[in-house]
$ cat model_37.pdb   # PDB, C-alpha atoms and all ligand atoms
ATOM      1  CA  MET L1031     -63.628  77.754  -4.822
ATOM      2  CA  SER L1032     -65.141  76.810  -8.168
ATOM      3  CA  LYS L1033     -66.294  73.264  -8.785
ATOM      4  CA  VAL L1034     -67.030  71.246 -11.869
ATOM      5  CA  GLN L1035     -70.717  70.550 -12.650
ATOM      6  CA  THR L1036     -71.998  67.117 -11.695
ATOM      7  CA  ALA L1037     -74.529  64.588 -12.944
ATOM      8  CA  THR L1038     -75.868  61.930 -10.580
ATOM      9  CA  THR L1039     -78.399  60.067 -12.756
ATOM     10  CA  VAL L1040     -77.978  58.424 -16.148
ATOM     11  CA  ALA L1041     -80.790  60.618 -17.528
ATOM     12  CA  GLU L1042     -79.013  63.811 -16.430
ATOM     13  CA  LEU L1043     -75.701  62.555 -17.831
ATOM     14  CA  ARG L1044     -77.269  61.700 -21.187
ATOM     15  CA  ALA L1045     -79.086  65.051 -21.424
ATOM     16  CA  ILE L1046     -75.855  66.994 -20.903
ATOM     17  CA  ILE L1047     -73.896  64.855 -23.375
ATOM     18  CA  SER L1048     -76.709  65.090 -25.976
ATOM     19  CA  GLY L1049     -76.410  68.879 -25.755
ATOM     20  CA  TRP L1050     -72.686  68.628 -26.472
ATOM     21  CA  ARG L1051     -73.341  66.257 -29.356
ATOM     22  CA  ARG L1052     -75.722  68.754 -30.946
ATOM     23  CA  GLU L1053     -72.832  71.223 -30.943
ATOM     24  CA  GLY L1054     -70.710  68.607 -32.715
ATOM     25  CA  ALA L1055     -68.416  68.017 -29.737
ATOM     26  CA  ARG L1056     -66.153  64.989 -29.403
ATOM     27  CA  VAL L1057     -66.510  63.480 -25.934
ATOM     28  CA  ALA L1058     -63.928  61.786 -23.691
ATOM     29  CA  ILE L1059     -64.342  59.916 -20.439
ATOM     30  CA  THR L1060     -61.784  59.389 -17.708
ATOM     31  CA  PRO L1061     -63.048  56.804 -15.216
ATOM     32  CA  THR L1062     -61.841  57.122 -11.605
ATOM     33  CA  MET L1063     -62.749  56.056  -8.105
ATOM     34  CA  GLY L1064     -62.125  59.574  -6.781
ATOM     35  CA  ALA L1065     -59.627  60.618  -4.089
ATOM     36  CA  LEU L1066     -58.100  62.407  -7.026
ATOM     37  CA  HIS L1067     -54.402  63.225  -7.328
ATOM     38  CA  GLU L1068     -52.066  64.579 -10.013
ATOM     39  CA  GLY L1069     -52.099  61.207 -11.800
ATOM     40  CA  HIS L1070     -55.845  61.447 -12.376
ATOM     41  CA  LEU L1071     -55.553  65.095 -13.421
ATOM     42  CA  SER L1072     -52.890  64.154 -15.973
ATOM     43  CA  LEU L1073     -55.422  61.781 -17.554
ATOM     44  CA  VAL L1074     -57.852  64.680 -17.888
ATOM     45  CA  GLU L1075     -55.129  66.692 -19.633
ATOM     46  CA  VAL L1076     -54.565  63.816 -22.070
ATOM     47  CA  ALA L1077     -58.331  63.492 -22.614
ATOM     48  CA  LYS L1078     -58.582  67.196 -23.443
ATOM     49  CA  LYS L1079     -56.078  66.722 -26.253
ATOM     50  CA  HIS L1080     -58.337  64.121 -27.843
ATOM     51  CA  ALA L1081     -61.812  65.582 -27.279
ATOM     52  CA  ASP L1082     -63.762  68.811 -26.900
ATOM     53  CA  ARG L1083     -65.537  67.777 -23.707
ATOM     54  CA  VAL L1084     -64.239  65.631 -20.861
ATOM     55  CA  VAL L1085     -66.378  63.665 -18.411
ATOM     56  CA  VAL L1086     -64.660  62.328 -15.295
ATOM     57  CA  SER L1087     -66.548  59.575 -13.528
ATOM     58  CA  ILE L1088     -66.097  59.239  -9.794
ATOM     59  CA  PHE L1089     -67.479  55.952  -8.548
ATOM     60  CA  VAL L1090     -66.049  53.596  -5.953
ATOM     61  CA  ASN L1091     -67.226  50.439  -7.668
ATOM     62  CA  PRO L1092     -68.199  47.805  -5.107
ATOM     63  CA  THR L1093     -68.122  44.923  -7.607
ATOM     64  CA  GLN L1094     -64.378  45.203  -8.185
ATOM     65  CA  PHE L1095     -63.509  44.872  -4.494
ATOM     66  CA  GLY L1096     -63.148  41.398  -3.051
ATOM     67  CA  HIS L1097     -64.311  40.210   0.333
ATOM     68  CA  GLY L1098     -62.036  41.703   3.002
ATOM     69  CA  GLU L1099     -60.603  44.363   0.672
ATOM     70  CA  ASP L1100     -60.769  48.097   1.349
ATOM     71  CA  PHE L1101     -64.150  49.060  -0.202
ATOM     72  CA  GLU L1102     -65.526  50.458   3.054
ATOM     73  CA  ARG L1103     -62.444  52.459   3.968
ATOM     74  CA  TYR L1104     -61.502  53.531   0.419
ATOM     75  CA  PRO L1105     -60.977  57.333   0.617
ATOM     76  CA  ARG L1106     -63.963  59.411  -0.484
ATOM     77  CA  THR L1107     -63.140  63.097  -0.954
ATOM     78  CA  LEU L1108     -65.864  64.307  -3.332
ATOM     79  CA  GLU L1109     -65.838  68.037  -2.531
ATOM     80  CA  GLN L1110     -62.077  68.248  -2.960
ATOM     81  CA  ASP L1111     -62.273  66.141  -6.140
ATOM     82  CA  LEU L1112     -64.813  68.511  -7.705
ATOM     83  CA  ALA L1113     -62.581  71.493  -6.915
ATOM     84  CA  LEU L1114     -59.528  69.738  -8.386
ATOM     85  CA  LEU L1115     -61.450  68.912 -11.555
ATOM     86  CA  ALA L1116     -62.305  72.610 -11.959
ATOM     87  CA  THR L1117     -58.576  73.442 -11.898
ATOM     88  CA  VAL L1118     -58.019  71.316 -15.019
ATOM     89  CA  SER L1119     -61.263  72.491 -16.681
ATOM     90  CA  ALA L1120     -62.957  69.105 -16.809
ATOM     91  CA  ASP L1121     -66.489  69.607 -18.139
ATOM     92  CA  LEU L1122     -68.535  67.217 -16.026
ATOM     93  CA  ALA L1123     -68.168  64.903 -13.038
ATOM     94  CA  TRP L1124     -70.360  61.804 -13.343
ATOM     95  CA  THR L1125     -70.976  60.813  -9.729
ATOM     96  CA  PRO L1126     -73.630  58.094  -9.574
ATOM     97  CA  ASP L1127     -74.354  56.362  -6.285
ATOM     98  CA  VAL L1128     -74.399  52.563  -6.131
ATOM     99  CA  ALA L1129     -78.180  52.428  -6.736
ATOM    100  CA  ALA L1130     -77.861  54.581  -9.878
ATOM    101  CA  MET L1131     -75.120  52.326 -11.261
ATOM    102  CA  TYR L1132     -76.626  49.026 -10.135
ATOM    103  CA  PRO L1133     -80.391  49.508  -9.803
ATOM    104  CA  ALA L1134     -82.499  46.766  -8.216
ATOM    105  CA  GLY L1135     -82.569  43.779 -10.570
ATOM    106  CA  PHE L1136     -79.177  44.498 -12.136
ATOM    107  CA  ASP L1137     -77.795  41.096 -13.138
ATOM    108  CA  THR L1138     -75.193  41.211 -15.924
ATOM    109  CA  THR L1139     -71.444  40.590 -15.708
ATOM    110  CA  ILE L1140     -68.832  41.158 -18.404
ATOM    111  CA  LYS L1141     -66.119  38.499 -18.174
ATOM    112  CA  VAL L1142     -62.991  39.147 -20.201
ATOM    113  CA  GLY L1143     -60.489  36.422 -21.068
ATOM    114  CA  GLY L1144     -56.979  37.041 -22.411
ATOM    115  CA  PRO L1145     -55.200  39.621 -20.254
ATOM    116  CA  ALA L1146     -57.807  39.316 -17.494
ATOM    117  CA  LYS L1147     -56.941  35.649 -17.099
ATOM    118  CA  ALA L1148     -53.172  36.070 -17.317
ATOM    119  CA  GLY L1149     -52.714  35.573 -13.567
ATOM    120  CA  LEU L1150     -51.055  38.619 -12.013
ATOM    121  CA  ASP L1151     -53.796  40.557 -10.179
ATOM    122  CA  ASP L1152     -56.451  38.043 -11.237
ATOM    123  CA  ALA L1153     -54.670  35.361  -9.224
ATOM    124  CA  HIS L1154     -54.768  37.532  -6.094
ATOM    125  CA  ARG L1155     -58.064  39.366  -6.590
ATOM    126  CA  PRO L1156     -60.498  36.791  -8.021
ATOM    127  CA  GLY L1157     -63.426  38.483  -9.758
ATOM    128  CA  HIS L1158     -61.746  41.909  -9.687
ATOM    129  CA  PHE L1159     -61.543  42.244 -13.466
ATOM    130  CA  ASP L1160     -65.163  41.122 -13.895
ATOM    131  CA  GLY L1161     -66.137  44.081 -11.724
ATOM    132  CA  VAL L1162     -63.828  46.431 -13.635
ATOM    133  CA  ALA L1163     -64.969  45.186 -17.054
ATOM    134  CA  THR L1164     -68.642  45.473 -16.143
ATOM    135  CA  VAL L1165     -68.444  48.994 -14.754
ATOM    136  CA  VAL L1166     -66.185  50.262 -17.553
ATOM    137  CA  THR L1167     -68.529  48.808 -20.182
ATOM    138  CA  LYS L1168     -71.397  50.630 -18.480
ATOM    139  CA  LEU L1169     -69.444  53.898 -18.323
ATOM    140  CA  LEU L1170     -68.535  53.688 -22.007
ATOM    141  CA  LEU L1171     -72.159  52.988 -22.972
ATOM    142  CA  GLN L1172     -73.684  55.536 -20.582
ATOM    143  CA  THR L1173     -71.544  58.305 -22.035
ATOM    144  CA  GLY L1174     -71.152  57.053 -25.599
ATOM    145  CA  ALA L1175     -67.650  58.509 -25.337
ATOM    146  CA  ASP L1176     -65.473  58.746 -28.446
ATOM    147  CA  VAL L1177     -62.340  58.409 -26.340
ATOM    148  CA  ALA L1178     -61.559  56.887 -22.946
ATOM    149  CA  VAL L1179     -58.315  57.507 -21.083
ATOM    150  CA  PHE L1180     -56.838  55.065 -18.565
ATOM    151  CA  GLY L1181     -53.536  55.083 -16.699
ATOM    152  CA  GLU L1182     -50.706  52.671 -17.426
ATOM    153  CA  LYS L1183     -50.390  52.571 -13.626
ATOM    154  CA  ASP L1184     -53.059  49.857 -13.741
ATOM    155  CA  TYR L1185     -51.403  48.110 -16.655
ATOM    156  CA  GLN L1186     -53.310  44.815 -16.616
ATOM    157  CA  GLN L1187     -56.575  46.757 -16.298
ATOM    158  CA  LEU L1188     -55.660  48.814 -19.382
ATOM    159  CA  GLN L1189     -55.101  45.653 -21.441
ATOM    160  CA  VAL L1190     -58.369  44.155 -20.136
ATOM    161  CA  ILE L1191     -60.249  47.269 -21.247
ATOM    162  CA  ARG L1192     -58.609  47.230 -24.675
ATOM    163  CA  GLN L1193     -59.745  43.622 -25.047
ATOM    164  CA  LEU L1194     -63.350  44.285 -24.019
ATOM    165  CA  ALA L1195     -63.705  47.348 -26.258
ATOM    166  CA  ARG L1196     -62.366  45.332 -29.194
ATOM    167  CA  ASP L1197     -64.458  42.244 -28.466
ATOM    168  CA  LEU L1198     -67.724  44.121 -27.886
ATOM    169  CA  ASN L1199     -67.227  46.592 -30.783
ATOM    170  CA  ILE L1200     -67.474  49.502 -28.365
ATOM    171  CA  PRO L1201     -66.458  52.426 -30.564
ATOM    172  CA  ALA L1202     -64.505  54.365 -27.921
ATOM    173  CA  GLU L1203     -60.804  54.767 -28.662
ATOM    174  CA  ILE L1204     -58.896  53.472 -25.601
ATOM    175  CA  ILE L1205     -55.866  55.571 -24.715
ATOM    176  CA  GLY L1206     -53.215  54.648 -22.136
ATOM    177  CA  ALA L1207     -51.433  57.482 -20.327
ATOM    178  CA  PRO L1208     -48.081  57.314 -18.528
ATOM    179  CA  THR L1209     -47.786  56.851 -14.760
ATOM    180  CA  ARG L1210     -47.243  59.998 -12.706
ATOM    181  CA  ARG L1211     -44.799  59.597  -9.829
ATOM    182  CA  GLU L1212     -43.568  61.367  -6.716
ATOM    183  CA  ALA L1213     -40.045  62.796  -6.967
ATOM    184  CA  ASP L1214     -38.669  59.630  -5.311
ATOM    185  CA  GLY L1215     -40.319  57.369  -7.908
ATOM    186  CA  LEU L1216     -43.365  56.161  -5.970
ATOM    187  CA  ALA L1217     -46.328  55.950  -8.361
ATOM    188  CA  LEU L1218     -49.117  58.284  -7.245
ATOM    189  CA  SER L1219     -52.044  56.310  -5.865
ATOM    190  CA  SER L1220     -55.132  57.053  -3.813
ATOM    191  CA  ARG L1221     -53.979  54.203  -1.565
ATOM    192  CA  ASN L1222     -50.628  55.861  -0.736
ATOM    193  CA  ARG L1223     -52.437  57.751   2.003
ATOM    194  CA  TYR L1224     -52.785  54.460   3.909
ATOM    195  CA  LEU L1225     -48.982  54.248   4.321
ATOM    196  CA  SER L1226     -47.395  55.071   7.680
ATOM    197  CA  ALA L1227     -44.362  57.391   7.581
ATOM    198  CA  GLU L1228     -42.070  54.373   7.843
ATOM    199  CA  GLU L1229     -43.857  52.517   5.052
ATOM    200  CA  ARG L1230     -43.910  55.644   2.876
ATOM    201  CA  ALA L1231     -40.120  55.847   3.199
ATOM    202  CA  LYS L1232     -39.786  52.246   1.968
ATOM    203  CA  ALA L1233     -42.388  52.438  -0.797
ATOM    204  CA  PRO L1234     -40.173  53.881  -3.606
ATOM    205  CA  GLU L1235     -38.120  50.691  -3.416
ATOM    206  CA  ILE L1236     -40.791  49.177  -5.675
ATOM    207  CA  HIS L1237     -39.946  51.537  -8.525
ATOM    208  CA  ARG L1238     -36.190  51.234  -7.958
ATOM    209  CA  THR L1239     -36.463  47.444  -7.977
ATOM    210  CA  LEU L1240     -38.414  47.444 -11.244
ATOM    211  CA  GLN L1241     -35.763  49.669 -12.826
ATOM    212  CA  ASP L1242     -33.070  47.262 -11.634
ATOM    213  CA  VAL L1243     -34.905  44.180 -12.954
ATOM    214  CA  ALA L1244     -35.427  45.918 -16.310
ATOM    215  CA  ALA L1245     -31.718  46.785 -16.495
ATOM    216  CA  ARG L1246     -30.768  43.168 -15.746
ATOM    217  CA  MET L1247     -33.028  41.912 -18.531
ATOM    218  CA  ARG L1248     -31.692  44.473 -20.995
ATOM    219  CA  ALA L1249     -28.197  43.253 -20.058
ATOM    220  CA  GLY L1250     -29.178  39.684 -21.011
ATOM    221  CA  ALA L1251     -30.544  38.109 -17.822
ATOM    222  CA  SER L1252     -33.497  35.767 -18.237
ATOM    223  CA  ALA L1253     -36.889  36.846 -16.925
ATOM    224  CA  ALA L1254     -36.749  34.149 -14.242
ATOM    225  CA  GLU L1255     -33.301  35.209 -13.020
ATOM    226  CA  ALA L1256     -33.981  38.955 -13.076
ATOM    227  CA  THR L1257     -37.405  38.780 -11.409
ATOM    228  CA  ALA L1258     -36.128  36.404  -8.702
ATOM    229  CA  ALA L1259     -33.475  39.014  -7.838
ATOM    230  CA  GLY L1260     -36.221  41.654  -7.717
ATOM    231  CA  VAL L1261     -38.423  39.592  -5.404
ATOM    232  CA  ALA L1262     -35.477  38.986  -3.072
ATOM    233  CA  ARG L1263     -34.685  42.701  -2.997
ATOM    234  CA  LEU L1264     -38.273  43.648  -2.133
ATOM    235  CA  GLU L1265     -38.535  40.978   0.560
ATOM    236  CA  GLN L1266     -35.274  42.194   2.032
ATOM    237  CA  ALA L1267     -36.783  45.687   2.216
ATOM    238  CA  GLY L1268     -39.806  44.370   4.139
ATOM    239  CA  PHE L1269     -42.407  43.858   1.401
ATOM    240  CA  VAL L1270     -44.659  40.826   1.043
ATOM    241  CA  VAL L1271     -44.549  40.227  -2.709
ATOM    242  CA  ASP L1272     -47.735  38.973  -4.403
ATOM    243  CA  TYR L1273     -45.925  38.782  -7.752
ATOM    244  CA  LEU L1274     -43.123  40.359  -9.759
ATOM    245  CA  LEU L1275     -43.235  38.992 -13.287
ATOM    246  CA  ALA L1276     -42.088  39.727 -16.826
ATOM    247  CA  ARG L1277     -44.889  39.485 -19.359
ATOM    248  CA  HIS L1278     -45.478  40.219 -23.021
ATOM    249  CA  ALA L1279     -46.443  43.897 -23.010
ATOM    250  CA  LEU L1280     -49.662  43.455 -25.021
ATOM    251  CA  THR L1281     -50.946  39.930 -24.369
ATOM    252  CA  LEU L1282     -49.511  39.611 -20.847
ATOM    253  CA  ALA L1283     -48.478  36.066 -21.769
ATOM    254  CA  PRO L1284     -45.413  34.754 -19.898
ATOM    255  CA  VAL L1285     -42.037  35.460 -21.547
ATOM    256  CA  SER L1286     -38.614  34.129 -20.722
ATOM    257  CA  GLY L1287     -36.609  37.085 -22.047
ATOM    258  CA  VAL L1288     -36.524  40.240 -24.149
ATOM    259  CA  ALA L1289     -36.071  38.286 -27.387
ATOM    260  CA  GLU L1290     -39.768  37.355 -27.302
ATOM    261  CA  GLY L1291     -41.169  40.812 -27.953
ATOM    262  CA  PRO L1292     -41.961  43.926 -25.937
ATOM    263  CA  VAL L1293     -41.750  43.078 -22.233
ATOM    264  CA  ARG L1294     -43.543  44.676 -19.310
ATOM    265  CA  LEU L1295     -42.578  44.053 -15.707
ATOM    266  CA  LEU L1296     -45.525  44.013 -13.323
ATOM    267  CA  VAL L1297     -45.429  43.949  -9.548
ATOM    268  CA  ALA L1298     -47.847  43.840  -6.639
ATOM    269  CA  ALA L1299     -46.403  43.966  -3.154
ATOM    270  CA  ARG L1300     -47.720  44.705   0.288
ATOM    271  CA  LEU L1301     -46.343  46.950   2.963
ATOM    272  CA  GLY L1302     -48.308  46.252   6.130
ATOM    273  CA  ALA L1303     -51.994  46.424   5.166
ATOM    274  CA  THR L1304     -51.382  48.424   1.985
ATOM    275  CA  ARG L1305     -51.109  46.726  -1.380
ATOM    276  CA  LEU L1306     -49.123  48.657  -3.992
ATOM    277  CA  ILE L1307     -48.891  47.886  -7.714
ATOM    278  CA  ASP L1308     -46.528  49.245 -10.332
ATOM    279  CA  ASN L1309     -45.062  48.317 -13.717
ATOM    280  CA  THR L1310     -42.453  49.384 -16.226
ATOM    281  CA  GLY L1311     -41.389  48.653 -19.770
ATOM    282  CA  VAL L1312     -38.096  46.815 -20.324
TER     283      VAL L1312
HETATM  284  P1  LIG N1401     -58.394  54.791  -9.727
HETATM  285  O1  LIG N1401     -59.100  56.000  -9.236
HETATM  286  O2  LIG N1401     -57.263  54.372  -8.870
HETATM  287  O3  LIG N1401     -59.331  53.680 -10.106
HETATM  288  O4  LIG N1401     -57.701  55.232 -11.080
HETATM  289  C1  LIG N1401     -58.430  55.867 -12.097
HETATM  290  C2  LIG N1401     -57.564  55.999 -13.314
HETATM  291  O5  LIG N1401     -56.415  56.779 -12.978
HETATM  292  C3  LIG N1401     -57.056  54.649 -13.828
HETATM  293  O6  LIG N1401     -57.055  54.671 -15.258
HETATM  294  C4  LIG N1401     -55.653  54.618 -13.275
HETATM  295  O7  LIG N1401     -54.784  53.815 -14.035
HETATM  296  C5  LIG N1401     -55.261  56.070 -13.346
HETATM  297  N1  LIG N1401     -54.148  56.372 -12.447
HETATM  298  C6  LIG N1401     -54.053  56.036 -11.131
HETATM  299  N2  LIG N1401     -52.861  56.427 -10.638
HETATM  300  C7  LIG N1401     -52.194  57.013 -11.663
HETATM  301  C8  LIG N1401     -50.895  57.593 -11.799
HETATM  302  N3  LIG N1401     -50.029  57.647 -10.774
HETATM  303  N4  LIG N1401     -50.551  58.100 -13.005
HETATM  304  C9  LIG N1401     -51.401  58.044 -14.055
HETATM  305  N5  LIG N1401     -52.635  57.498 -13.993
HETATM  306  C10 LIG N1401     -53.016  56.983 -12.822
END
$ encode --input "model_37.pdb" --output "C-alpha cells" --more "lines below"
Ligand code: AMP
Amino acid sequence: MSKVQTATTVAELRAIISGWRREGARVAITPTMGALHEGHLSLVEVAKKHADRVVVSIFVNPTQFGHGEDFERYPRTLEQDLALLATVSADLAWTPDVAAMYPAGFDTTIKVGGPAKAGLDDAHRPGHFDGVATVVTKLLLQTGADVAVFGEKDYQQLQVIRQLARDLNIPAEIIGAPTRREADGLALSSRNRYLSAEERAKAPEIHRTLQDVAARMRAGASAAEATAAGVARLEQAGFVVDYLLARHALTLAPVSGVAEGPVRLLVAARLGATRLIDNTGV
C-alpha cells in the first residue's frame, strides 16, 4: 500500500515547499482533521486543479473544541488517511503534533468578527471560530500556500476564513468546494461514524428538510415561516435542533426572505450524542 510523504515539523514542511518553489510550483493546502472520507478527497481534487502541488494538513486542533466536546474521542486514522491521500496523488501530508503546532509559550489568538459572530455555531460553540481562525492562519503562513480549499459543508467556517484572509492580507486564494453526500443525501462527515444504525437511518432527514425549507422559501414563504416548519419536522423525526436559520449567503446576516439577496439555510441538529451540521443554497 503506497502512502503519501509526511512532514511533522515546520522546518521539514518549509524545506519541502521551498524545493517546490524553486521549481516554480504553485502550492495548495487542504486543511483537515483527518479521518478522511470522499469529501476530503474531493477537496484534494479541486486543489489539484488550482495548483501544481497539494499539501493536506491532518491536525485535530484542540483549540477549536469546547469543554465537553469530542476532542478526545475524535477519530484518528492516520495510516489509513496517508494511504487514501496516495490514491488521489496528494503531494504531502502535514501532520504536526500539538507541541509542533502550539509550542510552549504559544499565546496568540485570531478573533474574527462578521460571519464568526453571526450566531449559528458561534452561539453553541463559544470560542470555536477563534480556534479555527488561529489554526488556519498558522497553516496558511506555515505553507505560504497560493490556494486553500475548504468545504462548503462547514459553511460558516468558510465565510470566517474568507474574512480573515481578506482582513489580514493573507495572499492565499480561498476556494469553497461543494459538499459530498451519501446516496441518501447525508453529508459525508468524520462524525457520521458515531451514529448508531437507528440514528444513521434518520440522519438524511436533515438534508431532506433543508430541501423542503428551500422549496418553501422559493415558493414565497418567509424565512421565519419556512424555517419554523423545518424545525418542527426535524423535532418530529427525533432531532434536537440547535438552529435552522436562513441567512445572507455571504455575510450570514439575518434575512427575512429571498428578496434580500442570496440566501443560505444552515442547520445544526443533534441525534443522541452526535451533532450534525449541513447547509444549502435557496
Ligand atoms: P474536517 O476534517 O471535518 O475539519 O474537514 C476538513 C475540510 O473538509 C473542511 O474544509 C470541510 O468543510 C471539508 N469537508 C468535510 N466534509 C465534507 C464533505 N462532505 N464534502 C466536502 N467537503 C467536506
$ residues_near_ligand --input "model_37.pdb" --ligand "ligand LIG 1401 (chain N)" --cutoff "7 Å" --atoms "all atoms listed in the file" --output "mmCIF file with C-alpha atoms, in the coordinates of the input"
data_model
loop_
_atom_site.group_PDB
_atom_site.id
_atom_site.type_symbol
_atom_site.label_atom_id
_atom_site.label_comp_id
_atom_site.auth_asym_id
_atom_site.auth_seq_id
_atom_site.Cartn_x
_atom_site.Cartn_y
_atom_site.Cartn_z
ATOM 1 C CA THR L 1060 -61.784 59.389 -17.708
ATOM 2 C CA PRO L 1061 -63.048 56.804 -15.216
ATOM 3 C CA THR L 1062 -61.841 57.122 -11.605
ATOM 4 C CA MET L 1063 -62.749 56.056 -8.105
ATOM 5 C CA GLY L 1064 -62.125 59.574 -6.781
ATOM 6 C CA ALA L 1065 -59.627 60.618 -4.089
ATOM 7 C CA LEU L 1066 -58.100 62.407 -7.026
ATOM 8 C CA GLY L 1069 -52.099 61.207 -11.800
ATOM 9 C CA HIS L 1070 -55.845 61.447 -12.376
ATOM 10 C CA SER L 1072 -52.890 64.154 -15.973
ATOM 11 C CA LEU L 1073 -55.422 61.781 -17.554
ATOM 12 C CA VAL L 1179 -58.315 57.507 -21.083
ATOM 13 C CA PHE L 1180 -56.838 55.065 -18.565
ATOM 14 C CA GLY L 1181 -53.536 55.083 -16.699
ATOM 15 C CA GLU L 1182 -50.706 52.671 -17.426
ATOM 16 C CA LYS L 1183 -50.390 52.571 -13.626
ATOM 17 C CA ASP L 1184 -53.059 49.857 -13.741
ATOM 18 C CA ALA L 1207 -51.433 57.482 -20.327
ATOM 19 C CA PRO L 1208 -48.081 57.314 -18.528
ATOM 20 C CA THR L 1209 -47.786 56.851 -14.760
ATOM 21 C CA ARG L 1210 -47.243 59.998 -12.706
ATOM 22 C CA ARG L 1211 -44.799 59.597 -9.829
ATOM 23 C CA ALA L 1217 -46.328 55.950 -8.361
ATOM 24 C CA LEU L 1218 -49.117 58.284 -7.245
ATOM 25 C CA SER L 1219 -52.044 56.310 -5.865
ATOM 26 C CA SER L 1220 -55.132 57.053 -3.813
#
$ residues_around --input "model_37.pdb" --residues "L:Ala1077" --least-positions-apart "3" --cutoff "8 Å" --atoms "only C-alpha atoms" --output "list in words"
Ala1058, Ile1059, Thr1060, Leu1073, Val1074, His1080, Ala1081, Val1084, Val1177, Ala1178 and Val1179 of chain L
$ residues_around --input "model_37.pdb" --residues "L:Gly1098" --least-positions-apart "6" --cutoff "12 Å" --atoms "only C-alpha atoms" --output "JSON, numbers by chain"
{"L": [1092, 1155, 1303]}
$ write_last_selection --input "model_37.pdb" --atoms "C-alpha atoms" --output "compact mmCIF listing (two decimals), keeping the file's coordinate frame"
# COMPACT_ATOMS: atom_id res chain seq x y z
CA PRO L 1092 -68.20 47.80 -5.11
CA ARG L 1155 -58.06 39.37 -6.59
CA ALA L 1303 -51.99 46.42 5.17
$ residues_around --input "model_37.pdb" --residues "L:Ala1249" --least-positions-apart "6" --cutoff "12 Å" --atoms "all atoms listed in the file" --output "mmCIF file with C-alpha atoms, keeping the file's coordinate frame"
data_model
loop_
_atom_site.group_PDB
_atom_site.id
_atom_site.type_symbol
_atom_site.label_atom_id
_atom_site.label_comp_id
_atom_site.auth_asym_id
_atom_site.auth_seq_id
_atom_site.Cartn_x
_atom_site.Cartn_y
_atom_site.Cartn_z
ATOM 1 C CA ASP L 1242 -33.070 47.262 -11.634
ATOM 2 C CA VAL L 1243 -34.905 44.180 -12.954
ATOM 3 C CA GLU L 1255 -33.301 35.209 -13.020
ATOM 4 C CA ALA L 1256 -33.981 38.955 -13.076
ATOM 5 C CA GLY L 1287 -36.609 37.085 -22.047
ATOM 6 C CA VAL L 1288 -36.524 40.240 -24.149
ATOM 7 C CA ALA L 1289 -36.071 38.286 -27.387
ATOM 8 C CA VAL L 1312 -38.096 46.815 -20.324
#
$ resolve_selection --input "model_37.pdb" --expression "the PyMOL selection byres (((chain L and resi 1105-1110) around 9) and not hetatm)" --output "ChimeraX atom specification"
/L:1033,1063-1066,1088,1090,1101-1104,1111-1115,1125,1220-1221,1223
$ resolve_selection --input "model_37.pdb" --expression "the PyMOL selection byres (((chain L and resi 1233) around 9) and not hetatm)" --output "count of residues only"
16
$ residues_near_point --input "model_37.pdb" --point "(-62.9, 47.8, -18.5)" --cutoff "9 Å" --atoms "all atoms listed in the file" --output "list in words"
Ile1140, Val1142, Phe1159, Asp1160, Gly1161, Val1162, Ala1163, Thr1164, Val1165, Val1166, Thr1167, Lys1168, Leu1169, Leu1170, Gln1187, Leu1188, Gln1189, Val1190, Ile1191, Arg1192, Gln1193, Leu1194 and Ala1195 of chain L
$ atom_distance --input "model_37.pdb" --atom1 "atom CA of L:Asp1214" --atom2 "atom CA of L:Gly1311"
18.4 Å
$ atom_distance --input "model_37.pdb" --atom1 "atom CA of L:Met1247" --atom2 "atom CA of L:Leu1280"
17.9 Å
$ residues_near_point --input "model_37.pdb" --point "(-35.7, 39.4, -17.5)" --cutoff "12 Å" --atoms "all atoms listed in the file" --output "ChimeraX atom specification"
/L:1240-1260,1274-1278,1284-1296,1311-1312
$ atom_distance --input "model_37.pdb" --atom1 "atom CA of L:Val1128" --atom2 "atom CA of L:His1067"
22.7 Å
$ closest_residue --input "model_37.pdb" --among "L:Leu1171, L:Ala1148, L:Leu1071, L:Ala1153" --to "L:Ile1200" --atoms "only C-alpha atoms"
L:Leu1171
$ closest_residue --input "model_37.pdb" --among "L:Ser1048, L:Ser1032, L:Arg1238, L:Ala1299" --to "L:Glu1265" --atoms "only C-alpha atoms"
L:Ala1299
